[in-house]
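Below is one structure; the comments refer to it alone.
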Amino acid sequence: MVKKLARLFTFLMIVGILVAACAPKAEAPTAAPAASGANGLPDLGGKEIIVAVENAYPPFNFIDKATNQGAGWDYDAWQEICNRLNCKPVMTEAAWDGIFEAAAAGQYDVVADGVTVTEERKQKVAFSDSYMHYGQVILVRADEDRFTDSASLAALTDATVASQLGTTNEAKAIEIVGEDRVKSFDTFDASVLALISKDVDAVIIDQPAALGFIAANKGELKFLDELLTSEDLGFVFQQGSDLIDPVNAALAAMKADGTLDALYQKWFVDFVPAN
């Protein structure tokens with residue numbers, strides 16, 4: 001009896017081994033898909049995003065006199081982007097001089113400062129998709145009647161033009177009147193102050209920013225009708241940044257649902273700065 005049980009046990013073991021060998025093998029588990037956040041957008045898992053701004057370029061970014069806190073289009077746009085991507089914007093004040101080198105070195109995750117997309121800058125840094133199409137304009141005092149466009153400004157040989165150092169606006173100013181007649185400042189608010197103080201006769205500036213300075217200086221400024229350029233603004237990243245695709249996805253969603261239009265209306269049409 002014992003021998004029979006032993007033989008039966010051995011037979012069952014052999015059958016079990018054969019069945020196991022013939023059974024289909026389970027496939028190796030595949031990698032889990034990337035988590036998705038609101039409306040199917042990428043989920044950044046609460047990551048802090050260091051966003052560099054000057055706080056001197058209204059209405060994109062500035063210090064609100066009423067609250068002494070940073071405010072502007074960049075602040076609202078990045079709060080909205082992070083609401084959609086599950087991240088936290090850490091708005092960080094930075095000087096314009098050297099800002100691209102700092103971004104290229106990874107000192108900031110992104111630069112949001114109304115930056116014009118250019119091929120030259122693409123050699124150092126990467127850009128998001130365009131979030132705003134605009135042109136450069138000539139900002140002047142409200143009572144200016146000596147010139148009405150770039151040609152008549154250039155013809156007024158004693159007129160000087162201001163802009164911000166190292167910008168495409170500075171390059172355009174030099175193109176119009178020559179380097180000897182251009183005064184460049186570290187920030188745009190300094191160049192606008194020079195215009196109001198009659199130290200210069202015009203400022204070459206992006207149209208959205210011109211609207212911000214006009215709003216902040218009621219009755220003192222205007223810009224001429226001529227649109228000097230046709231350009232795009234984009235956020236700046238270190239080349240190869242893994243934030244570019246998620247941010248582009250968020251921008252596309254914000255454009256599609258009207259959020260970008262609403263932010264433009266708020267900051268470039270309705271904006272009334274505190275006195």
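By order in the structure tokens, chains are A, B, ...; within a chain, residues start at 1; ligands start at 1, following the order shown.
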
Which residues come within 10 Å of region 94-96 of chain A, counting only C-alpha atoms, excluding same-chain residues fewer than 3 positions away, as a PyMOL selection string?
chain A and resi 51-56+91+99-100+102+108+111+113+164-167+186-187

Would you please extract all strand (DSSP E) residues from region 134-224 of chain A, as assigned by DSSP on the backbone, and give them as a ChimeraX atom specification?
/A:134,136-141,161-164,182-185,202-206,221-223

Within 12 Å of Trp73 (chain A), counting only C-alpha atoms, which residues qualify if same-chain residues fewer than 2 places away don't, as a PyMOL selection string?
chain A and resi 53+55+57-62+70-71+75-81+112-114+131-132+208-209+212+259-269+271

Given only C-alpha atoms as the basis, pick out the residue of A:Ser150, A:Asn39, A:Ser128, A:Thr118 nearest to Asp245 (chain A).
A:Ser128

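The residue that comes closest to Lys122 (chain A), out of A:Ala171, A:Leu195, A:Ala66, A:Val236 and on the basis of only C-alpha atoms, is A:Val236.
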
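Residues with any atom within 10 Å of Gly135 (chain A), counting only C-alpha atoms and excluding same-chain neighbours fewer than 3 positions away, are A:Ile205, A:Asp206, A:Gln207, A:Pro208, A:Glu226, A:Leu227, A:Leu228, A:Thr229, A:Ser230, A:Glu231, A:Asp232.
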